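Peer 1: Here it is: the structure, laid out below.
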Amino acid sequence: MTDKLLNQEENGIFSIFNFGIEVMLKARIKMKLGPDRGHPFTLDVDIEGGNGITVLFGTSGAGKTSILRAVSGIYTPDEGRISLGNRVYFDSSTGERLPIQQRRIGYVFQNHLLFPHFTAEQNVLYAIRDLSRARARQRARELLSMLGIGKTARQYPRELSGGEQQRVALARALAQDPSIMLLDEPLSSVDAATRSRLLDEICAAQKRSGIPFLYVTHNHSEAVRLGDAMLVLDQGRVVQTGTPLEIFNSPRSAPVARVVGTENIFIGEIVEHRIGDGTSLVDINSCRVQIPYSEQPLGSRVSVGIRSEDILVSREYLTQTSARNVLKGVIRRIILDADKAELVVSSGVDFKVSITPATIRILDLEVGTEIYMLIKARAIHQLV
Amino acid sequence: MIWHALRLSLLVGFIATILIGLVGTAFGYLLARRSFRGKDVLDAFLTLPMILPPTVTGYYLILLLGRRGLLGEPLYALTGWTVTFTWVGAVVAATVVALPLMVKSARAAIESVNAEYEIASRIMGRSERETFIRVTLPLAARGLLAGMVLSFARAFGEFGATLMLAGNIPGRTQTMPLAIYEAVASGEDERAMWLALILTFISITVVYLTSRLSRPGKSA
């Protein structure tokens, strides 16, 4: 049995963890964040992260990094409790506080923070504390080659590409058999192709290790590709939890919609319920839209969100269409990028509409053009 | 006598530089990385020897270390030995006068190291001491070395405070600058010139080393 265990450890670096015991991170954190970081605000969250990747999503300054720092022990919360499985990292009610070095944190930093005076291999070795010199070196080599950068071992960080640097950072974080991995926007400075490959590697690393990963990002595609669960943070609070797709497709409140990037958020009044149609009619500054049937009584004020890519445009008025809303409007602005274009269309209120540059050419759109916007009722989300 | 003065100056300079390197780096780290009450006061106090005339610094050192000084008296009572008029006094004077240069250089050098590296090291389970030795120190090495070279130059040429504390005893406490002063005062022009040339040569070498160290280039 012992032999078998040893063998397993030789074969796979993380096999020691693959026993299927789920270790949960539970963190209740309350802390004032100082005025040295812009505007002072209070972080007050209650989060859980199981075996899998939990995405912390939010705009900058929402408190995402502070959560990672509190879990790692760099910040001490004013109040709360942080535990991983049955290990208590911090508990303000008992005064318990596990020293940083006993927490076994794998941390990947936003700008990788590889030590510039160490080679790639030395960077990884620095994170390994409890193995003999020879074993540590072997493990560092294994990790680097597992991530496809075995040949960079003797190179210094400045000699590596952005993707290679981030891989070394990942290897370094995994090196000490962490109990939990904390990743702080690790891919914000690598190109799209590298990002895609690294996302796969992060997924694979999580599967192999079977430990909770907390992944901070404000990038939609990263969240959707990685997240088993997602928490949306806004101004120091968790405003919605669910799977990334659930949240992106139906943000529940205006702050969430704003954070996840629902470009159109309006406040209106329910003026009619059409039970037979399964829709309700909302008046937004005299622009009337049909939304899925709402439980709210007539006359109540509601906010609705529409993603800019859920709006179709047409130069002609269409009748035979499934879109419940065909709204006439005038193009106020056209913002053109290399691969996408955004229209601001005025129809009582201003709608942001995201289309391809080709559409602008083919439909011959310019500022002042009258167009029709087609929006499915189902694409209009009522926000609480 | 020239050679004795040169040897003494070099010895005093080297010992003072080692002390300054240790103490100055410690204070520099404290000022760069910690926030505590009275930090500004400490900073001002450590800068003082740079602002005061060296004779005044020397005078305070006599009050502190002289035979009847605050520390000097118990030391004399205990050991029968006193710092004044010994080469150790020259080391003390040079150390105190040149220390502010090192504190300032060390603080700047350590502040220039991204503190996030230290956080990264701490998260990897390294203690604060290990982090300082293996991360902060190597990353600040150039600045610290430049500071030490400058301090050496200052300590090597120290005159005023040394004269006050160690006196001007040829063959015992007479360093290069003191020897030059005496040579000029007693009209030994040729001797004064040679001493001045040697001192100038050493100082130029030091300035050259400093500029090479502070030039950005291949770092460790």
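Please note that chains go A, B, ... in the order of the structure tokens, that every chain numbers its residues from 1, and that ligands are numbered from 1 in the order shown.
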Please, which residues of chain B lie no more than 7 Å from chain A when the count uses only C-alpha atoms, and can they be set out as a ChimeraX atom specification?
Peer 2: /B:117,122-126,220
Peer 1: When DSSP is applied to the backbone of this structure, which of range 167-355 of chain A are assigned strand (DSSP E)? Write them out as a VMD selection string.
Peer 2: chain A and resid 180 to 184 213 to 217 229 to 234 237 to 242 264 to 274 279 to 284 287 to 292 301 to 306 312 to 314 325 to 336 341 to 347 349 to 355
Peer 1: Can you list, as JSON, numbers by chain, every protein, DNA or RNA residue that comes within 9 Å of Val96 in chain B when you count only C-alpha atoms, leaving out same-chain residues fewer than 5 positions away?
Peer 2: {"B": [16, 20, 49, 57, 91, 155, 161]}
Peer 1: Could you take the residues named above and write them with C-alpha atoms, as a short mmCIF file (atom, residue, chain, number, x, y, z; two decimals), in the first residue's frame?
Peer 2:
```cif
data_model
loop_
_atom_site.label_atom_id
_atom_site.label_comp_id
_atom_site.auth_asym_id
_atom_site.auth_seq_id
_atom_site.Cartn_x
_atom_site.Cartn_y
_atom_site.Cartn_z
CA ALA B 16 33.28 52.19 8.90
CA ILE B 20 27.52 51.60 7.77
CA PRO B 49 25.02 64.28 10.70
CA THR B 57 28.72 66.11 15.29
CA VAL B 91 36.07 54.78 13.04
CA ALA B 155 34.25 58.08 5.64
CA ALA B 161 34.40 64.91 13.64
#
```
Peer 1: Within range 120-242 of chain A, find each residue whose DSSP state, derived from the backbone, is helix (DSSP H, G or I), and express the selection as a PyMOL selection string.
Peer 2: chain A and resi 120-126+133-146+150-152+157-159+162-174+192-209+220-226
Peer 1: Could you pull the residues within 8 Å of Asp234 in chain A, counting only C-alpha atoms, minus those fewer than 4 positions along the same chain, as an mmCIF file with N, CA and C atoms, in the first residue's frame?
Peer 2:
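Everything below was put into result.cif:
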```
data_model
loop_
_atom_site.group_PDB
_atom_site.id
_atom_site.type_symbol
_atom_site.label_atom_id
_atom_site.label_comp_id
_atom_site.auth_asym_id
_atom_site.auth_seq_id
_atom_site.Cartn_x
_atom_site.Cartn_y
_atom_site.Cartn_z
ATOM 1 N N GLY A 58 -15.864 40.703 -11.569
ATOM 2 C CA GLY A 58 -16.229 42.058 -11.175
ATOM 3 C C GLY A 58 -15.300 43.064 -11.806
ATOM 4 N N THR A 59 -15.729 44.316 -11.812
ATOM 5 C CA THR A 59 -14.877 45.366 -12.355
ATOM 6 C C THR A 59 -13.747 45.635 -11.372
ATOM 7 N N ALA A 62 -13.621 46.161 -7.189
ATOM 8 C CA ALA A 62 -14.788 45.532 -6.572
ATOM 9 C C ALA A 62 -14.402 44.748 -5.315
ATOM 10 N N GLY A 63 -13.104 44.498 -5.148
ATOM 11 C CA GLY A 63 -12.645 43.781 -3.960
ATOM 12 C C GLY A 63 -12.185 42.360 -4.243
ATOM 13 N N VAL A 238 -20.989 40.458 -2.742
ATOM 14 C CA VAL A 238 -21.378 39.469 -3.735
ATOM 15 C C VAL A 238 -22.803 39.796 -4.166
ATOM 16 N N VAL A 239 -23.009 40.080 -5.454
ATOM 17 C CA VAL A 239 -24.342 40.471 -5.890
ATOM 18 C C VAL A 239 -25.098 39.355 -6.603
ATOM 19 N N PRO A 255 -27.037 46.127 -10.743
ATOM 20 C CA PRO A 255 -25.584 46.102 -10.545
ATOM 21 C C PRO A 255 -24.916 44.930 -11.258
ATOM 22 N N VAL A 256 -25.556 43.757 -11.212
ATOM 23 C CA VAL A 256 -24.973 42.599 -11.896
ATOM 24 C C VAL A 256 -24.921 42.861 -13.384
ATOM 25 N N VAL A 259 -22.116 45.068 -14.112
ATOM 26 C CA VAL A 259 -20.813 44.420 -13.960
ATOM 27 C C VAL A 259 -20.557 43.431 -15.092
#
```
Peer 1: Neighbouring residues of Val88 in chain B were defined as those with any atom within 12 Å, considering only C-alpha atoms; residues of the same chain fewer than 5 positions away were excluded. Please report them as a list in words.
Peer 2: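 That gives Leu8, Ser9, Leu11, Val12, Gly13, Ile15, Ala16, Leu65, Trp81, Thr82, Val83, Ala93, Ala94, Thr95, Thr162, Leu165, Ala166, Gly167, Arg172, Thr173 and Gln174 of chain B.
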Peer 1: Could you save those same residues with N, CA and C atoms as a PDB file, in the first residue's frame?
Peer 2:
```
ATOM      1  N   LEU B   8      45.937  53.956   7.775  1.00  0.00           N
ATOM      2  CA  LEU B   8      44.905  54.194   8.783  1.00  0.00           C
ATOM      3  C   LEU B   8      43.596  54.653   8.130  1.00  0.00           C
ATOM      4  N   SER B   9      43.740  55.553   7.166  1.00  0.00           N
ATOM      5  CA  SER B   9      42.532  56.038   6.490  1.00  0.00           C
ATOM      6  C   SER B   9      41.778  54.902   5.809  1.00  0.00           C
ATOM      7  N   LEU B  11      41.945  51.699   6.551  1.00  0.00           N
ATOM      8  CA  LEU B  11      41.402  50.811   7.589  1.00  0.00           C
ATOM      9  C   LEU B  11      40.114  51.394   8.175  1.00  0.00           C
ATOM     10  N   VAL B  12      40.211  52.692   8.549  1.00  0.00           N
ATOM     11  CA  VAL B  12      39.031  53.356   9.111  1.00  0.00           C
ATOM     12  C   VAL B  12      37.886  53.332   8.094  1.00  0.00           C
ATOM     13  N   GLY B  13      38.231  53.647   6.852  1.00  0.00           N
ATOM     14  CA  GLY B  13      37.219  53.658   5.789  1.00  0.00           C
ATOM     15  C   GLY B  13      36.549  52.305   5.647  1.00  0.00           C
ATOM     16  N   ILE B  15      36.392  49.618   7.772  1.00  0.00           N
ATOM     17  CA  ILE B  15      35.608  49.191   8.937  1.00  0.00           C
ATOM     18  C   ILE B  15      34.321  50.008   9.031  1.00  0.00           C
ATOM     19  N   ALA B  16      34.462  51.331   8.839  1.00  0.00           N
ATOM     20  CA  ALA B  16      33.284  52.188   8.900  1.00  0.00           C
ATOM     21  C   ALA B  16      32.265  51.776   7.835  1.00  0.00           C
ATOM     22  N   LEU B  65      30.607  59.931  24.209  1.00  0.00           N
ATOM     23  CA  LEU B  65      31.608  58.873  24.374  1.00  0.00           C
ATOM     24  C   LEU B  65      32.867  59.306  25.112  1.00  0.00           C
ATOM     25  N   TRP B  81      39.164  52.040  29.658  1.00  0.00           N
ATOM     26  CA  TRP B  81      39.507  52.406  28.270  1.00  0.00           C
ATOM     27  C   TRP B  81      38.499  53.423  27.759  1.00  0.00           C
ATOM     28  N   THR B  82      38.944  54.296  26.911  1.00  0.00           N
ATOM     29  CA  THR B  82      38.003  55.256  26.356  1.00  0.00           C
ATOM     30  C   THR B  82      38.239  55.443  24.870  1.00  0.00           C
ATOM     31  N   VAL B  83      37.181  55.815  24.183  1.00  0.00           N
ATOM     32  CA  VAL B  83      37.211  55.885  22.723  1.00  0.00           C
ATOM     33  C   VAL B  83      38.049  57.060  22.234  1.00  0.00           C
ATOM     34  N   ALA B  93      33.673  58.233  14.433  1.00  0.00           N
ATOM     35  CA  ALA B  93      33.390  59.530  13.816  1.00  0.00           C
ATOM     36  C   ALA B  93      33.040  59.353  12.335  1.00  0.00           C
ATOM     37  N   ALA B  94      33.850  58.574  11.624  1.00  0.00           N
ATOM     38  CA  ALA B  94      33.620  58.379  10.196  1.00  0.00           C
ATOM     39  C   ALA B  94      32.281  57.667   9.955  1.00  0.00           C
ATOM     40  N   THR B  95      31.975  56.687  10.812  1.00  0.00           N
ATOM     41  CA  THR B  95      30.725  55.939  10.659  1.00  0.00           C
ATOM     42  C   THR B  95      29.516  56.855  10.812  1.00  0.00           C
ATOM     43  N   THR B 162      36.381  63.578  13.210  1.00  0.00           N
ATOM     44  CA  THR B 162      37.523  62.747  13.577  1.00  0.00           C
ATOM     45  C   THR B 162      38.491  63.542  14.454  1.00  0.00           C
ATOM     46  N   LEU B 165      36.981  63.882  17.972  1.00  0.00           N
ATOM     47  CA  LEU B 165      36.853  62.691  18.809  1.00  0.00           C
ATOM     48  C   LEU B 165      38.178  61.951  18.963  1.00  0.00           C
ATOM     49  N   ALA B 166      38.930  61.836  17.850  1.00  0.00           N
ATOM     50  CA  ALA B 166      40.135  61.000  17.884  1.00  0.00           C
ATOM     51  C   ALA B 166      41.408  61.823  17.986  1.00  0.00           C
ATOM     52  N   GLY B 167      41.274  63.123  17.766  1.00  0.00           N
ATOM     53  CA  GLY B 167      42.448  63.976  17.823  1.00  0.00           C
ATOM     54  C   GLY B 167      43.330  63.814  16.602  1.00  0.00           C
ATOM     55  N   ARG B 172      49.116  57.515  15.191  1.00  0.00           N
ATOM     56  CA  ARG B 172      48.091  56.814  15.959  1.00  0.00           C
ATOM     57  C   ARG B 172      46.681  57.120  15.469  1.00  0.00           C
ATOM     58  N   THR B 173      46.353  58.385  15.392  1.00  0.00           N
ATOM     59  CA  THR B 173      44.997  58.704  14.932  1.00  0.00           C
ATOM     60  C   THR B 173      45.019  59.676  13.753  1.00  0.00           C
ATOM     61  N   GLN B 174      46.204  59.897  13.202  1.00  0.00           N
ATOM     62  CA  GLN B 174      46.251  60.874  12.118  1.00  0.00           C
ATOM     63  C   GLN B 174      45.899  60.226  10.777  1.00  0.00           C
TER      64      GLN B 174
END
```
Peer 1: Quick one: residues within 12 Å of Leu298 in chain A, only C-alpha atoms, excluding same-chain residues fewer than 5 positions away - as a list in words?
Peer 2: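 Residues meeting the cut-off are Gly268, Glu269, Ile270, Val271, Glu272, His273, Arg274, Ser280, Leu281, Val282, Asp283 and Tyr293 of chain A.
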Peer 1: Hey, which of B:Leu195, B:Val23, B:Leu101, B:Leu61 ends up closest to Gly89 in chain B? Count only C-alpha atoms.
Peer 2: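 Counting only C-alpha atoms, the residue closest to Gly89 in chain B is B:Leu61.
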Peer 1: Have a look at A:Ala223, A:Val349, A:Ile29, A:Val330 and name the one nearest to Thr76 in chain A; count only C-alpha atoms.
Peer 2: A:Ile29
Peer 1: Which residues come within 9 Å of range 137-142 of chain B, counting only C-alpha atoms, excluding same-chain residues fewer than 2 positions away, as a ChimeraX atom specification?
Peer 2: /A:115-117 /B:106,108-113,131-135,144-147,213-214,219-220
Peer 1: For the selection just defined, write its residues with N, CA and C atoms to a file, as a CSV table (one decimal), in the first residue's frame.
Peer 2:
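Output file selection19.csv is given in full below:
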```csv
chain,number,residue,atom,x,y,z
A,115,PHE,N,10.5,36.3,-10.0
A,115,PHE,CA,11.7,37.0,-9.4
A,115,PHE,C,12.7,37.2,-10.6
A,116,PRO,N,13.0,38.4,-10.9
A,116,PRO,CA,13.9,38.7,-12.0
A,116,PRO,C,15.3,38.1,-11.9
A,117,HIS,N,15.7,37.9,-10.6
A,117,HIS,CA,17.1,37.5,-10.4
A,117,HIS,C,17.2,36.0,-10.3
B,106,ALA,N,20.1,53.4,0.8
B,106,ALA,CA,19.5,52.1,1.1
B,106,ALA,C,17.9,52.2,1.0
B,108,ALA,N,16.2,54.4,-0.7
B,108,ALA,CA,15.8,54.5,-2.2
B,108,ALA,C,15.9,53.2,-2.9
B,109,ALA,N,17.0,52.4,-2.6
B,109,ALA,CA,17.2,51.2,-3.3
B,109,ALA,C,16.1,50.2,-2.9
B,110,ILE,N,15.8,50.1,-1.7
B,110,ILE,CA,14.7,49.2,-1.2
B,110,ILE,C,13.4,49.6,-1.7
B,111,GLU,N,13.1,50.9,-1.7
B,111,GLU,CA,11.8,51.4,-2.2
B,111,GLU,C,11.7,51.1,-3.7
B,112,SER,N,12.8,51.0,-4.4
B,112,SER,CA,12.7,50.8,-5.8
B,112,SER,C,12.4,49.3,-6.1
B,113,VAL,N,12.5,48.4,-5.1
B,113,VAL,CA,12.1,47.0,-5.3
B,113,VAL,C,10.6,46.9,-5.2
B,131,THR,N,12.8,36.3,3.1
B,131,THR,CA,12.4,37.1,2.0
B,131,THR,C,13.4,38.3,1.8
B,132,PHE,N,13.8,38.9,2.9
B,132,PHE,CA,14.7,40.0,2.9
B,132,PHE,C,16.0,39.5,2.2
B,133,ILE,N,16.5,38.4,2.7
B,133,ILE,CA,17.8,37.9,2.3
B,133,ILE,C,17.8,37.4,0.8
B,134,ARG,N,16.8,36.7,0.4
B,134,ARG,CA,16.8,36.1,-0.9
B,134,ARG,C,16.1,36.9,-2.0
B,135,VAL,N,15.2,37.8,-1.6
B,135,VAL,CA,14.5,38.6,-2.6
B,135,VAL,C,14.9,40.1,-2.5
B,144,LEU,N,22.4,49.4,-3.0
B,144,LEU,CA,23.0,49.3,-1.7
B,144,LEU,C,24.6,49.4,-1.9
B,145,LEU,N,25.1,48.7,-2.9
B,145,LEU,CA,26.5,48.8,-3.2
B,145,LEU,C,27.0,50.2,-3.5
B,146,ALA,N,26.2,50.9,-4.3
B,146,ALA,CA,26.5,52.2,-4.7
B,146,ALA,C,26.5,53.1,-3.4
B,147,GLY,N,25.5,52.9,-2.5
B,147,GLY,CA,25.5,53.6,-1.3
B,147,GLY,C,26.7,53.3,-0.4
B,213,LEU,N,28.3,51.3,-11.0
B,213,LEU,CA,27.3,50.6,-10.3
B,213,LEU,C,25.9,51.1,-10.5
B,214,SER,N,25.8,52.4,-10.6
B,214,SER,CA,24.4,52.9,-10.8
B,214,SER,C,23.9,53.0,-12.2
B,219,SER,N,22.0,43.2,-14.8
B,219,SER,CA,21.9,43.0,-13.4
B,219,SER,C,22.0,41.5,-13.1
B,220,ALA,N,22.1,41.2,-11.8
B,220,ALA,CA,22.4,39.8,-11.4
B,220,ALA,C,21.3,38.9,-11.9
```
Peer 1: Between B:Ile180, B:Ala153, B:Leu209, B:Ala115, which one has atoms that come closest to Arg34 in chain B, using only C-alpha atoms?
Peer 2: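 Closest candidate: B:Ala115.
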Peer 1: Using CA of Ile211 in chain A and CA of Lys30 in chain A as the two end points, give the distance in Å to one decimal.
Peer 2: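 One can read the CA of Ile211 in chain A to CA of Lys30 in chain A distance as 24.6 Å.
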